[in-house]
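**Q** Coordinates in final27.txt, compact mmCIF, N, CA and C atoms, are listed below.
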# COMPACT_ATOMS: atom_id res chain seq x y z
N ARG A 1353 9.52 7.37 10.13
CA ARG A 1353 9.42 5.98 10.56
C ARG A 1353 8.37 5.28 9.70
N ARG A 1354 8.67 4.04 9.32
CA ARG A 1354 7.73 3.25 8.54
C ARG A 1354 7.33 2.01 9.33
N VAL A 1355 6.13 1.53 9.06
CA VAL A 1355 5.64 0.31 9.68
C VAL A 1355 5.37 -0.69 8.58
N HIS A 1356 5.26 -1.96 8.92
CA HIS A 1356 4.99 -2.98 7.92
C HIS A 1356 3.69 -2.67 7.20
N GLY A 1357 3.74 -2.61 5.89
CA GLY A 1357 2.52 -2.38 5.12
C GLY A 1357 2.21 -0.92 4.86
N GLY A 1358 3.09 -0.01 5.23
CA GLY A 1358 2.82 1.38 4.90
C GLY A 1358 3.48 2.35 5.84
N ALA A 1359 3.35 3.59 5.52
CA ALA A 1359 3.93 4.65 6.33
C ALA A 1359 3.04 4.96 7.52
N ILE A 1360 3.64 5.50 8.56
CA ILE A 1360 2.85 5.96 9.70
C ILE A 1360 1.98 7.10 9.20
N PRO A 1361 0.74 7.16 9.61
CA PRO A 1361 -0.16 8.21 9.15
C PRO A 1361 0.44 9.60 9.31
N SER A 1362 0.13 10.49 8.37
CA SER A 1362 0.69 11.83 8.37
C SER A 1362 0.26 12.65 9.58
N GLN A 1363 -0.79 12.24 10.25
CA GLN A 1363 -1.25 12.96 11.43
C GLN A 1363 -0.48 12.57 12.69
N THR A 1364 0.66 11.88 12.54
CA THR A 1364 1.44 11.46 13.69
C THR A 1364 2.02 12.68 14.40
N TYR A 1365 2.01 12.63 15.69
CA TYR A 1365 2.58 13.70 16.50
C TYR A 1365 3.83 13.14 17.19
N PRO A 1366 5.02 13.33 16.58
CA PRO A 1366 6.25 12.73 17.10
C PRO A 1366 6.54 13.08 18.56
N SER A 1367 6.24 14.31 18.98
CA SER A 1367 6.56 14.70 20.35
C SER A 1367 5.73 13.93 21.37
N THR A 1368 4.52 13.51 20.98
CA THR A 1368 3.66 12.79 21.91
C THR A 1368 3.63 11.29 21.63
N GLY A 1369 4.10 10.89 20.43
CA GLY A 1369 4.05 9.48 20.07
C GLY A 1369 2.65 9.00 19.72
N LEU A 1370 1.78 9.93 19.36
CA LEU A 1370 0.39 9.60 19.04
C LEU A 1370 0.11 9.88 17.56
N PHE A 1371 -0.89 9.22 17.02
CA PHE A 1371 -1.38 9.55 15.68
C PHE A 1371 -2.89 9.78 15.79
N GLN A 1372 -3.39 10.65 14.96
CA GLN A 1372 -4.79 11.04 14.99
C GLN A 1372 -5.54 10.33 13.88
N CYS A 1373 -6.73 9.84 14.17
CA CYS A 1373 -7.57 9.23 13.15
C CYS A 1373 -9.02 9.41 13.58
N GLU A 1374 -9.94 8.96 12.73
CA GLU A 1374 -11.35 9.03 13.08
C GLU A 1374 -11.59 8.08 14.25
N GLY A 1375 -11.88 8.63 15.38
CA GLY A 1375 -12.09 7.81 16.57
C GLY A 1375 -11.19 8.21 17.72
N GLY A 1376 -10.20 9.06 17.45
CA GLY A 1376 -9.35 9.52 18.54
C GLY A 1376 -7.87 9.57 18.21
N ALA A 1377 -7.09 9.73 19.25
CA ALA A 1377 -5.63 9.73 19.14
C ALA A 1377 -5.12 8.46 19.82
N PHE A 1378 -4.22 7.77 19.16
CA PHE A 1378 -3.73 6.49 19.67
C PHE A 1378 -2.21 6.45 19.64
N PRO A 1379 -1.59 5.64 20.52
CA PRO A 1379 -0.13 5.48 20.48
C PRO A 1379 0.30 4.84 19.16
N ILE A 1380 1.48 5.21 18.69
CA ILE A 1380 2.03 4.68 17.44
C ILE A 1380 2.07 3.14 17.48
N GLU A 1381 2.26 2.58 18.65
CA GLU A 1381 2.33 1.12 18.79
C GLU A 1381 1.04 0.44 18.37
N LYS A 1382 -0.05 1.17 18.27
CA LYS A 1382 -1.34 0.60 17.87
C LYS A 1382 -1.43 0.40 16.35
N ILE A 1383 -0.46 0.94 15.60
CA ILE A 1383 -0.48 0.77 14.14
C ILE A 1383 -0.09 -0.66 13.80
N ASN A 1384 -0.91 -1.30 12.99
CA ASN A 1384 -0.69 -2.68 12.55
C ASN A 1384 -0.54 -3.67 13.71
N ASP A 1385 -1.36 -3.48 14.75
CA ASP A 1385 -1.35 -4.44 15.86
C ASP A 1385 -2.46 -5.48 15.70
N ASP A 1386 -3.06 -5.51 14.51
CA ASP A 1386 -4.11 -6.46 14.16
C ASP A 1386 -5.41 -6.24 14.94
N TYR A 1387 -5.59 -4.99 15.39
CA TYR A 1387 -6.85 -4.62 16.04
C TYR A 1387 -7.27 -3.26 15.49
N CYS A 1388 -8.50 -3.16 15.04
CA CYS A 1388 -9.00 -1.94 14.41
C CYS A 1388 -9.41 -0.92 15.47
N ASP A 1389 -8.50 0.00 15.80
CA ASP A 1389 -8.79 1.04 16.79
C ASP A 1389 -9.53 2.22 16.18
N CYS A 1390 -9.16 2.61 14.97
CA CYS A 1390 -9.75 3.78 14.30
C CYS A 1390 -11.03 3.39 13.57
N LEU A 1391 -12.00 4.25 13.60
CA LEU A 1391 -13.25 3.99 12.90
C LEU A 1391 -13.06 3.89 11.40
N ASP A 1392 -12.04 4.61 10.88
CA ASP A 1392 -11.78 4.60 9.44
C ASP A 1392 -10.76 3.55 9.03
N GLY A 1393 -10.27 2.74 9.99
CA GLY A 1393 -9.31 1.69 9.68
C GLY A 1393 -7.90 2.19 9.41
N TYR A 1394 -7.65 3.46 9.70
CA TYR A 1394 -6.38 4.11 9.37
C TYR A 1394 -5.19 3.51 10.11
N ASP A 1395 -5.43 2.88 11.24
CA ASP A 1395 -4.33 2.34 12.04
C ASP A 1395 -3.89 0.95 11.59
N GLU A 1396 -4.56 0.36 10.61
CA GLU A 1396 -4.24 -1.00 10.17
C GLU A 1396 -3.95 -1.08 8.67
N PRO A 1397 -2.98 -0.29 8.14
CA PRO A 1397 -2.70 -0.37 6.70
C PRO A 1397 -2.02 -1.69 6.32
N GLY A 1398 -1.47 -2.40 7.28
CA GLY A 1398 -0.73 -3.62 6.98
C GLY A 1398 -1.36 -4.89 7.49
N THR A 1399 -2.61 -4.83 7.94
CA THR A 1399 -3.31 -6.05 8.38
C THR A 1399 -4.72 -6.04 7.79
N SER A 1400 -5.43 -7.10 8.01
CA SER A 1400 -6.82 -7.15 7.53
C SER A 1400 -7.81 -6.96 8.68
N ALA A 1401 -7.34 -6.37 9.78
CA ALA A 1401 -8.19 -6.19 10.96
C ALA A 1401 -9.41 -5.32 10.68
N CYS A 1402 -9.25 -4.35 9.81
CA CYS A 1402 -10.36 -3.44 9.48
C CYS A 1402 -10.86 -3.76 8.08
N SER A 1403 -11.11 -5.00 7.83
CA SER A 1403 -11.37 -5.46 6.46
C SER A 1403 -12.56 -4.83 5.76
N THR A 1404 -13.48 -4.24 6.48
CA THR A 1404 -14.62 -3.65 5.80
C THR A 1404 -14.25 -2.36 5.07
N ASN A 1405 -13.33 -1.57 5.63
CA ASN A 1405 -12.97 -0.32 4.97
C ASN A 1405 -11.50 0.04 5.10
N GLY A 1406 -10.70 -0.86 5.66
CA GLY A 1406 -9.28 -0.58 5.84
C GLY A 1406 -8.52 -0.63 4.52
N LYS A 1407 -7.37 0.01 4.52
CA LYS A 1407 -6.54 0.07 3.32
C LYS A 1407 -5.14 -0.44 3.64
N PHE A 1408 -4.50 -1.01 2.64
CA PHE A 1408 -3.13 -1.50 2.75
C PHE A 1408 -2.29 -0.81 1.68
N HIS A 1409 -1.13 -0.34 2.06
CA HIS A 1409 -0.23 0.37 1.15
C HIS A 1409 0.80 -0.61 0.59
N CYS A 1410 0.77 -0.81 -0.74
CA CYS A 1410 1.78 -1.62 -1.42
C CYS A 1410 2.89 -0.68 -1.87
N PRO A 1411 4.09 -0.79 -1.30
CA PRO A 1411 5.18 0.09 -1.72
C PRO A 1411 5.59 -0.13 -3.18
N ASN A 1412 5.56 -1.40 -3.63
CA ASN A 1412 5.88 -1.75 -5.02
C ASN A 1412 7.14 -1.05 -5.53
N LEU A 1413 8.21 -1.16 -4.77
CA LEU A 1413 9.47 -0.51 -5.15
C LEU A 1413 9.88 -0.88 -6.56
N GLY A 1414 10.23 0.12 -7.35
CA GLY A 1414 10.59 -0.10 -8.74
C GLY A 1414 9.41 0.08 -9.68
N HIS A 1415 8.23 0.27 -9.13
CA HIS A 1415 7.01 0.45 -9.93
C HIS A 1415 6.13 1.46 -9.19
N GLU A 1416 4.86 1.50 -9.51
CA GLU A 1416 3.94 2.45 -8.90
C GLU A 1416 3.36 1.91 -7.60
N GLU A 1417 3.27 2.78 -6.59
CA GLU A 1417 2.63 2.41 -5.33
C GLU A 1417 1.17 2.08 -5.61
N LYS A 1418 0.58 1.30 -4.72
CA LYS A 1418 -0.80 0.88 -4.92
C LYS A 1418 -1.47 0.75 -3.55
N ILE A 1419 -2.74 1.10 -3.48
CA ILE A 1419 -3.53 0.92 -2.27
C ILE A 1419 -4.58 -0.14 -2.55
N ILE A 1420 -4.63 -1.15 -1.67
CA ILE A 1420 -5.63 -2.20 -1.81
C ILE A 1420 -6.45 -2.28 -0.52
N LYS A 1421 -7.53 -3.00 -0.55
CA LYS A 1421 -8.35 -3.21 0.64
C LYS A 1421 -7.59 -4.10 1.62
N SER A 1422 -7.73 -3.83 2.90
CA SER A 1422 -7.08 -4.65 3.91
C SER A 1422 -7.56 -6.09 3.86
N SER A 1423 -8.77 -6.30 3.37
CA SER A 1423 -9.29 -7.67 3.27
C SER A 1423 -8.51 -8.50 2.25
N GLN A 1424 -7.70 -7.84 1.40
CA GLN A 1424 -6.90 -8.54 0.41
C GLN A 1424 -5.52 -8.92 0.94
N VAL A 1425 -5.24 -8.56 2.19
CA VAL A 1425 -3.96 -8.87 2.80
C VAL A 1425 -3.98 -10.30 3.34
N ASN A 1426 -2.92 -11.04 3.04
CA ASN A 1426 -2.77 -12.43 3.51
C ASN A 1426 -3.94 -13.31 3.12
N ASP A 1427 -4.44 -13.11 1.89
CA ASP A 1427 -5.54 -13.93 1.38
C ASP A 1427 -5.07 -14.95 0.34
N MET A 1428 -3.76 -15.14 0.25
CA MET A 1428 -3.12 -16.10 -0.68
C MET A 1428 -3.17 -15.63 -2.14
N VAL A 1429 -3.52 -14.38 -2.38
CA VAL A 1429 -3.52 -13.81 -3.74
C VAL A 1429 -2.54 -12.64 -3.73
N CYS A 1430 -1.59 -12.65 -4.65
CA CYS A 1430 -0.57 -11.61 -4.72
C CYS A 1430 -1.13 -10.39 -5.44
N ASP A 1431 -1.62 -9.43 -4.67
CA ASP A 1431 -2.20 -8.21 -5.25
C ASP A 1431 -1.16 -7.12 -5.46
N CYS A 1432 -0.13 -7.10 -4.66
CA CYS A 1432 0.97 -6.13 -4.80
C CYS A 1432 2.06 -6.78 -5.64
N CYS A 1433 2.63 -6.03 -6.59
CA CYS A 1433 3.64 -6.65 -7.45
C CYS A 1433 4.91 -7.02 -6.69
N ASP A 1434 5.10 -6.45 -5.49
CA ASP A 1434 6.25 -6.82 -4.67
C ASP A 1434 5.93 -7.91 -3.66
N GLY A 1435 4.67 -8.35 -3.63
CA GLY A 1435 4.26 -9.43 -2.73
C GLY A 1435 4.09 -9.01 -1.29
N SER A 1436 4.19 -7.71 -1.00
CA SER A 1436 4.13 -7.24 0.38
C SER A 1436 2.80 -7.51 1.07
N ASP A 1437 1.75 -7.73 0.30
CA ASP A 1437 0.44 -8.00 0.90
C ASP A 1437 0.31 -9.43 1.42
N GLU A 1438 1.24 -10.28 1.09
CA GLU A 1438 1.17 -11.68 1.52
C GLU A 1438 2.31 -12.05 2.46
N TYR A 1439 2.69 -11.11 3.33
CA TYR A 1439 3.82 -11.30 4.23
C TYR A 1439 3.63 -12.42 5.24
N ASP A 1440 2.40 -12.81 5.53
CA ASP A 1440 2.16 -13.81 6.57
C ASP A 1440 1.18 -14.89 6.13
N SER A 1441 1.00 -15.07 4.82
CA SER A 1441 0.00 -16.04 4.36
C SER A 1441 0.62 -17.37 3.95
N GLY A 1442 1.93 -17.39 3.80
CA GLY A 1442 2.58 -18.60 3.31
C GLY A 1442 2.61 -18.65 1.80
N SER A 1443 1.99 -17.68 1.15
CA SER A 1443 1.99 -17.61 -0.31
C SER A 1443 3.35 -17.13 -0.80
N SER A 1444 3.81 -17.70 -1.89
CA SER A 1444 5.10 -17.32 -2.45
C SER A 1444 4.87 -16.38 -3.64
N CYS A 1445 5.02 -15.09 -3.38
CA CYS A 1445 4.80 -14.08 -4.42
C CYS A 1445 6.15 -13.64 -5.00
N SER A 1446 6.28 -13.71 -6.29
CA SER A 1446 7.48 -13.21 -6.96
C SER A 1446 7.35 -11.70 -7.08
N ASN A 1447 8.49 -11.01 -7.00
CA ASN A 1447 8.48 -9.57 -7.19
C ASN A 1447 8.50 -9.29 -8.69
N THR A 1448 7.38 -8.82 -9.20
CA THR A 1448 7.24 -8.55 -10.63
C THR A 1448 7.24 -7.05 -10.94
N CYS A 1449 7.57 -6.23 -9.96
CA CYS A 1449 7.48 -4.77 -10.11
C CYS A 1449 8.36 -4.23 -11.24
N HIS A 1450 9.60 -4.68 -11.32
CA HIS A 1450 10.50 -4.15 -12.34
C HIS A 1450 10.02 -4.52 -13.75
N GLY A 1451 9.52 -5.72 -13.92
CA GLY A 1451 8.98 -6.15 -15.22
C GLY A 1451 7.76 -5.33 -15.61
N LEU A 1452 6.87 -5.09 -14.65
CA LEU A 1452 5.68 -4.27 -14.90
C LEU A 1452 6.07 -2.84 -15.25
N ALA A 1453 7.06 -2.30 -14.53
CA ALA A 1453 7.51 -0.93 -14.79
C ALA A 1453 8.10 -0.82 -16.20
N GLU A 1454 8.85 -1.82 -16.61
CA GLU A 1454 9.46 -1.81 -17.95
C GLU A 1454 8.38 -1.88 -19.03
N ARG A 1455 7.39 -2.75 -18.84
CA ARG A 1455 6.29 -2.84 -19.81
C ARG A 1455 5.51 -1.53 -19.91
N LEU A 1456 5.29 -0.90 -18.78
CA LEU A 1456 4.59 0.39 -18.76
C LEU A 1456 5.41 1.46 -19.48
N ARG A 1457 6.73 1.45 -19.26
CA ARG A 1457 7.62 2.41 -19.92
C ARG A 1457 7.57 2.24 -21.43
N ILE A 1458 7.61 1.02 -21.90
CA ILE A 1458 7.55 0.72 -23.35
C ILE A 1458 6.20 1.15 -23.91
N LYS A 1459 5.14 0.85 -23.20
CA LYS A 1459 3.80 1.22 -23.66
C LYS A 1459 3.67 2.74 -23.81
N LYS A 1460 4.17 3.48 -22.82
CA LYS A 1460 4.12 4.94 -22.87
C LYS A 1460 4.96 5.47 -24.03
N LYS A 1461 6.11 4.84 -24.27
CA LYS A 1461 7.00 5.26 -25.35
C LYS A 1461 6.32 5.06 -26.71
N LYS A 1462 5.65 3.91 -26.89
CA LYS A 1462 4.92 3.63 -28.13
C LYS A 1462 3.79 4.63 -28.32
N LYS A 1463 3.09 4.93 -27.25
CA LYS A 1463 1.97 5.87 -27.31
C LYS A 1463 2.48 7.26 -27.72
N LYS A 1464 3.63 7.63 -27.19
CA LYS A 1464 4.23 8.93 -27.49
C LYS A 1464 4.63 8.98 -28.97
N LYS A 1465 5.21 7.88 -29.50
CA LYS A 1465 5.60 7.80 -30.91
C LYS A 1465 4.37 7.93 -31.81
N LYS A 1466 3.31 7.25 -31.45
CA LYS A 1466 2.07 7.27 -32.22
C LYS A 1466 1.52 8.69 -32.29
N LYS A 1467 1.60 9.38 -31.17
CA LYS A 1467 1.10 10.74 -31.09
C LYS A 1467 1.89 11.67 -32.04
N LYS A 1468 3.22 11.48 -32.11
CA LYS A 1468 4.07 12.27 -32.99
C LYS A 1468 3.70 12.03 -34.44
N VAL A 1469 3.42 10.79 -34.82
CA VAL A 1469 3.07 10.43 -36.19
C VAL A 1469 1.76 11.09 -36.60
N LEU A 1470 0.80 11.15 -35.67
CA LEU A 1470 -0.50 11.74 -35.96
C LEU A 1470 -0.43 13.26 -36.11
N CYS A 1471 0.54 13.89 -35.50
CA CYS A 1471 0.64 15.36 -35.54
C CYS A 1471 1.17 15.83 -36.83
How does the structure come out when it is put into structure tokens?

**A**
Amino acid sequence: RRVHGGAIPSQTYPSTGLFQCEGGAFPIEKINDDYCDCLDGYDEPGTSACSTNGKFHCPNLGHEEKIIKSSQVNDMVCDCCDGSDEYDSGSSCSNTCHGLAERLRIKKKKKKKKKKVLC
């Protein structure tokens, strides 16, 4: 199961419907409810509720996944190439993931060619 802004923490206990984090065990419904239940901010990967130390997971489909600070979520700045961090800010983020992935692929290919020439 996935939640907005990231996967359910790996410490989830499906039989009980709870997930474990620093601070206790909480119901899955507490994930991304815009309230920081866990001391480590683990329950809010998709909100800025735990902005001091929380993390947000950018899926960036078609490119590399990225983790940003929760304080960067819905701040009107597109930090994720898929725009997933601005889901509720009103900001219009273009999905640039495929373009970034292509540029990275070309860069790696050039680097590989250069390495062959030097050998």

**Q** Tell me, as a PDB file with N, CA and C atoms, in the frame of the given file, which residues lie within 8 Å of Cys1410 (chain A), counting all atoms listed in the file; anything in the same chain fewer than 3 positions away does not count.

**A**
ATOM      1  N   GLY A1357       3.740  -2.610   5.890  1.00  0.00           N
ATOM      2  CA  GLY A1357       2.520  -2.380   5.120  1.00  0.00           C
ATOM      3  C   GLY A1357       2.210  -0.920   4.860  1.00  0.00           C
ATOM      4  N   GLY A1358       3.090  -0.010   5.230  1.00  0.00           N
ATOM      5  CA  GLY A1358       2.820   1.380   4.900  1.00  0.00           C
ATOM      6  C   GLY A1358       3.480   2.350   5.840  1.00  0.00           C
ATOM      7  N   PRO A1397      -2.980  -0.290   8.140  1.00  0.00           N
ATOM      8  CA  PRO A1397      -2.700  -0.370   6.700  1.00  0.00           C
ATOM      9  C   PRO A1397      -2.020  -1.690   6.320  1.00  0.00           C
ATOM     10  N   LYS A1407      -7.370   0.010   4.520  1.00  0.00           N
ATOM     11  CA  LYS A1407      -6.540   0.070   3.320  1.00  0.00           C
ATOM     12  C   LYS A1407      -5.140  -0.440   3.640  1.00  0.00           C
ATOM     13  N   LEU A1413       8.210  -1.160  -4.770  1.00  0.00           N
ATOM     14  CA  LEU A1413       9.470  -0.510  -5.150  1.00  0.00           C
ATOM     15  C   LEU A1413       9.880  -0.880  -6.560  1.00  0.00           C
ATOM     16  N   GLU A1416       4.860   1.500  -9.510  1.00  0.00           N
ATOM     17  CA  GLU A1416       3.940   2.450  -8.900  1.00  0.00           C
ATOM     18  C   GLU A1416       3.360   1.910  -7.600  1.00  0.00           C
ATOM     19  N   GLU A1417       3.270   2.780  -6.590  1.00  0.00           N
ATOM     20  CA  GLU A1417       2.630   2.410  -5.330  1.00  0.00           C
ATOM     21  C   GLU A1417       1.170   2.080  -5.610  1.00  0.00           C
ATOM     22  N   LYS A1418       0.580   1.300  -4.720  1.00  0.00           N
ATOM     23  CA  LYS A1418      -0.800   0.880  -4.920  1.00  0.00           C
ATOM     24  C   LYS A1418      -1.470   0.750  -3.550  1.00  0.00           C
ATOM     25  N   ILE A1419      -2.740   1.100  -3.480  1.00  0.00           N
ATOM     26  CA  ILE A1419      -3.530   0.920  -2.270  1.00  0.00           C
ATOM     27  C   ILE A1419      -4.580  -0.140  -2.550  1.00  0.00           C
ATOM     28  N   ILE A1420      -4.630  -1.150  -1.670  1.00  0.00           N
ATOM     29  CA  ILE A1420      -5.630  -2.200  -1.810  1.00  0.00           C
ATOM     30  C   ILE A1420      -6.450  -2.280  -0.520  1.00  0.00           C
ATOM     31  N   ASP A1431      -1.620  -9.430  -4.670  1.00  0.00           N
ATOM     32  CA  ASP A1431      -2.200  -8.210  -5.250  1.00  0.00           C
ATOM     33  C   ASP A1431      -1.160  -7.120  -5.460  1.00  0.00           C
ATOM     34  N   CYS A1432      -0.130  -7.100  -4.660  1.00  0.00           N
ATOM     35  CA  CYS A1432       0.970  -6.130  -4.800  1.00  0.00           C
ATOM     36  C   CYS A1432       2.060  -6.780  -5.640  1.00  0.00           C
ATOM     37  N   CYS A1433       2.630  -6.030  -6.590  1.00  0.00           N
ATOM     38  CA  CYS A1433       3.640  -6.650  -7.450  1.00  0.00           C
ATOM     39  C   CYS A1433       4.910  -7.020  -6.690  1.00  0.00           C
ATOM     40  N   ASP A1434       5.100  -6.450  -5.490  1.00  0.00           N
ATOM     41  CA  ASP A1434       6.250  -6.820  -4.670  1.00  0.00           C
ATOM     42  C   ASP A1434       5.930  -7.910  -3.660  1.00  0.00           C
ATOM     43  N   GLY A1435       4.670  -8.350  -3.630  1.00  0.00           N
ATOM     44  CA  GLY A1435       4.260  -9.430  -2.730  1.00  0.00           C
ATOM     45  C   GLY A1435       4.090  -9.010  -1.290  1.00  0.00           C
ATOM     46  N   SER A1436       4.190  -7.710  -1.000  1.00  0.00           N
ATOM     47  CA  SER A1436       4.130  -7.240   0.380  1.00  0.00           C
ATOM     48  C   SER A1436       2.800  -7.510   1.070  1.00  0.00           C
ATOM     49  N   ASP A1437       1.750  -7.730   0.300  1.00  0.00           N
ATOM     50  CA  ASP A1437       0.440  -8.000   0.900  1.00  0.00           C
ATOM     51  C   ASP A1437       0.310  -9.430   1.420  1.00  0.00           C
TER      52      ASP A1437
END

**Q** Given only C-alpha atoms as the basis, pick out the residue of A:Ser1441, A:Ser1367, A:Thr1448, A:Ser1423 nearest to Gly1393 (chain A).

**A**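 Counting only C-alpha atoms, the residue closest to Gly1393 (chain A) is A:Ser1423.
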
**Q** When you count all atoms listed in the file, which of these residues is closest to Tyr1387 (chain A): A:Cys1402, A:Tyr1439, A:Asn1447, A:Lys1464?

**A** A:Cys1402

**Q** DSSP on the backbone, then: every residue of chain A marked helix (DSSP H, G or I), written as a ChimeraX atom specification.

**A** /A:1380-1382,1422-1424,1436-1438,1449-1470

**Q** Just how far from atom C of Thr1399 (chain A) is atom N of Phe1371 (chain A), in Å to one decimal?

**A** 18.2 Å

**Q** A:His1409, A:Lys1467, A:Lys1382, A:His1415: which is nearest Ala1453 (chain A), counting all atoms listed in the file?

**A**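 Comparing A:His1409, A:Lys1467, A:Lys1382, A:His1415 against Ala1453 (chain A), the winner is A:His1415.
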
**Q** From the list A:Ser1400, A:Val1425, A:Ser1443, A:Gln1372, which residue is nearest Asn1384 (chain A) when using only N, CA and C atoms?

**A**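 Checking each of A:Ser1400, A:Val1425, A:Ser1443, A:Gln1372 against Asn1384 (chain A), counting only N, CA and C atoms, the winner is A:Ser1400.
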